[in-house]
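> If you scroll down you'll find the structure; I have some questions about it.
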Amino acid sequence: MVASVLDGRACAASVEKALIPRIEKCASQGVVPHLAVVIVGDDPASHVYVNAKIRTCKRLGIKSSYVALPETTSEAELIDVIHQYNVDNSVHGILIQSPLPSHMNEEYLTDLIDPHKDVDGFHPINLGRLVQSRKDCLIPCTPNGVMRLLEWSGIETAGKTALVIGRSRNVGMPQAILLAARGADTTVTIAHSKTADMAEQCRSADILVAAVGRPNMVKRDWIKPGAVIIDIGINRVDDDADSRGYVLVGDVEQSAEQVASWITPVPGGVGPMTVAMLMENTVQAAENIIQR
């Protein structure tokens, strides 16, 4: 058996298509959805991700603003930028690109973003409302993208067992909440660095979500036959045979596709969905302004 591919690019395209009439409706009411992106430092991967987001905004008709600050920027200077966007009524979404330089407290700075403009969905108010299963929140993009991809692919989750490897506040924990929520109805286990017998935990999961950032950590023989694999990890591994000098791999061995029923490719799986859900959150934030 070779697993079917959970095509994030195709699903993201369907999300974008559905957003276009919503964007046009906003514009007809005098509101153009507007995403402000701030990046600090010269991390090449971060600049690639930011440029992809800006290109997507342009394609959809979402206005974007882009501020690139040097590595030496102080927290106080970044706080000023956040405040300027918080009080700018034309801006509906604010995104601070991760990672920030080591001298900055990323969690503290995220908390300063107006929760109505927190299109990453990381603010404590949005995360708290997510725990409460409330609808008036902006959901973290990657976990929300995973749920949309499962739904779009027609994969049944109710009554299934799910293992989420990773307990970060922006991916692992909200992913577990969404999988366990009414409507998804999976029975969820969260695994992490202190989990005993990780392999056995994986073998019991109907749906396995890997979000740890460790290349090829999950082995093929850890996979339950017929399981659905959501590989959120994207890792650079040195490879002299590749013209770039590296290859991109996930947290799950690629050979797991010989055991699973469905699997996300790396790249082209969860990544495009993360960007698509960022666009959706930006549009939702603009719609919320109109409705208030």
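A note on labels: chains of the structure tokens are A, B, ... as shown, every chain counts residues from 1, and ligands are counted from 1 in their shown order.
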Go through segment 202-289 of chain A and flag each residue having an atom no more than 7 Å from segment 165-182 of chain A; for those, report the closest pair of atoms plus their distance in Å to one decimal, using only C-alpha atoms, ordered by chain and rising number, as a tab-separated table.

residue	atom	partner	partner_atom	distance
A:Val209	CA	A:Ile165	CA	6.1
A:Ala210	CA	A:Ile165	CA	4.9
A:Ala211	CA	A:Gly166	CA	5.3
A:Val212	CA	A:Gly166	CA	5.3
> Can you write out as JSON lines which residues of segment 84-164 of chain A fall within 6 Å of segment 271-280 of chain A, alongside each residue's closest atom pair and its distance in Å to one decimal, counting only C-alpha atoms and ordering rows by chain and ascending residue number?

{"residue": "A:Cys141", "atom": "CA", "partner": "A:Thr274", "partner_atom": "CA", "distance": 5.1}
{"residue": "A:Thr142", "atom": "CA", "partner": "A:Thr274", "partner_atom": "CA", "distance": 4.6}
{"residue": "A:Gly145", "atom": "CA", "partner": "A:Met273", "partner_atom": "CA", "distance": 4.9}
> Nearest to Val40 of chain A among A:Glu257, A:Glu200, A:Glu75, A:Glu16, with distances taken over only C-alpha atoms: which residue is it?
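Answer, going by the shortest atom-to-atom distance: A:Glu75.
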> Name all residues at most 12 Å from Gln258 of chain A (count only C-alpha atoms; drop same-chain ones fewer than 2 positions away) and give them as a ChimeraX atom specification.
/A:1-5,219-221,223-229,253-256,260-263
> Would you mind exporting N, CA and C atoms of the selected residues as a CSV table (one decimal), in the first residue's frame?

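Printed below is selection.csv as written:
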chain,number,residue,atom,x,y,z
A,1,MET,N,0.8,-1.2,0.0
A,1,MET,CA,0.0,0.0,0.0
A,1,MET,C,0.9,1.2,0.0
A,2,VAL,N,0.5,2.2,-0.9
A,2,VAL,CA,1.2,3.5,-0.9
A,2,VAL,C,0.2,4.5,-0.5
A,3,ALA,N,0.5,5.4,0.4
A,3,ALA,CA,-0.5,6.4,1.0
A,3,ALA,C,-0.9,7.4,-0.1
A,4,SER,N,-2.2,7.8,0.0
A,4,SER,CA,-2.6,8.9,-0.8
A,4,SER,C,-2.1,10.2,-0.3
A,5,VAL,N,-1.9,11.1,-1.2
A,5,VAL,CA,-1.2,12.4,-0.8
A,5,VAL,C,-2.3,13.4,-0.3
A,219,LYS,N,9.7,6.9,12.8
A,219,LYS,CA,10.2,5.9,11.9
A,219,LYS,C,9.0,5.1,11.2
A,220,ARG,N,9.3,4.5,10.1
A,220,ARG,CA,8.3,3.8,9.4
A,220,ARG,C,7.6,2.7,10.2
A,221,ASP,N,8.4,2.0,11.0
A,221,ASP,CA,7.9,0.9,11.8
A,221,ASP,C,7.1,1.4,13.0
A,223,ILE,N,4.5,3.4,12.6
A,223,ILE,CA,3.2,3.8,12.0
A,223,ILE,C,2.2,2.6,12.0
A,224,LYS,N,1.1,2.9,12.5
A,224,LYS,CA,0.0,1.9,12.5
A,224,LYS,C,-0.5,1.8,11.0
A,225,PRO,N,-0.6,0.5,10.5
A,225,PRO,CA,-1.0,0.4,9.1
A,225,PRO,C,-2.4,1.1,8.9
A,226,GLY,N,-2.4,1.9,7.8
A,226,GLY,CA,-3.6,2.6,7.4
A,226,GLY,C,-3.8,3.9,8.1
A,227,ALA,N,-2.8,4.3,9.0
A,227,ALA,CA,-2.9,5.6,9.7
A,227,ALA,C,-2.8,6.8,8.8
A,228,VAL,N,-3.4,7.9,9.2
A,228,VAL,CA,-3.3,9.2,8.5
A,228,VAL,C,-2.1,10.0,9.2
A,229,ILE,N,-1.2,10.4,8.4
A,229,ILE,CA,0.0,11.1,8.9
A,229,ILE,C,0.0,12.6,8.4
A,253,GLU,N,9.7,9.8,8.6
A,253,GLU,CA,10.4,9.2,7.5
A,253,GLU,C,9.5,9.1,6.3
A,254,GLN,N,10.1,9.4,5.1
A,254,GLN,CA,9.3,9.4,3.9
A,254,GLN,C,8.8,8.0,3.6
A,255,SER,N,9.5,7.0,4.0
A,255,SER,CA,9.1,5.6,3.7
A,255,SER,C,7.9,5.2,4.5
A,256,ALA,N,7.4,6.1,5.4
A,256,ALA,CA,6.2,5.8,6.1
A,256,ALA,C,5.0,5.8,5.2
A,260,ALA,N,1.1,4.1,5.7
A,260,ALA,CA,0.0,4.9,6.0
A,260,ALA,C,-1.1,4.9,4.9
A,261,SER,N,-2.3,5.3,5.2
A,261,SER,CA,-3.3,5.5,4.2
A,261,SER,C,-3.3,6.8,3.5
A,262,TRP,N,-3.0,7.9,4.3
A,262,TRP,CA,-2.8,9.2,3.8
A,262,TRP,C,-1.6,9.9,4.4
A,263,ILE,N,-0.9,10.8,3.7
A,263,ILE,CA,0.2,11.4,4.3
A,263,ILE,C,0.4,12.8,3.6
> If we count only C-alpha atoms and set the cut-off at 9 Å, which residues sit around Tyr49 of chain A, ignoring sequence neighbours fewer than 5 positions away in its own chain? Please answer as a PDB file with C-alpha atoms, in the first residue's frame.

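After the write, out-v8.pdb holds the following:
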ATOM      1  CA  PRO A  44      16.940  33.683   5.090  1.00  0.00           C
ATOM      2  CA  ILE A  54       3.092  39.034   0.604  1.00  0.00           C
ATOM      3  CA  GLN A  97       7.479  36.743  11.862  1.00  0.00           C
ATOM      4  CA  VAL A 275      -0.488  30.634   4.535  1.00  0.00           C
TER       5      VAL A 275
END
> Record the distance separating atom CA of Tyr66 of chain A and atom CA of Val38 of chain A, expressed in Å with one decimal.
6.0 Å
> Pick from A:His83, A:Arg244, A:Lys17, A:Arg134: nearest to Asp114 of chain A, with only C-alpha atoms counted?
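Smallest separation from Asp114 of chain A among the options: A:His83.
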> Choose the residue, out of A:Val237, A:Val91, A:Leu208, A:Leu6, that has the smallest atom-to-atom separation from Ala36 of chain A; count only C-alpha atoms.
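Closest candidate: A:Val91.
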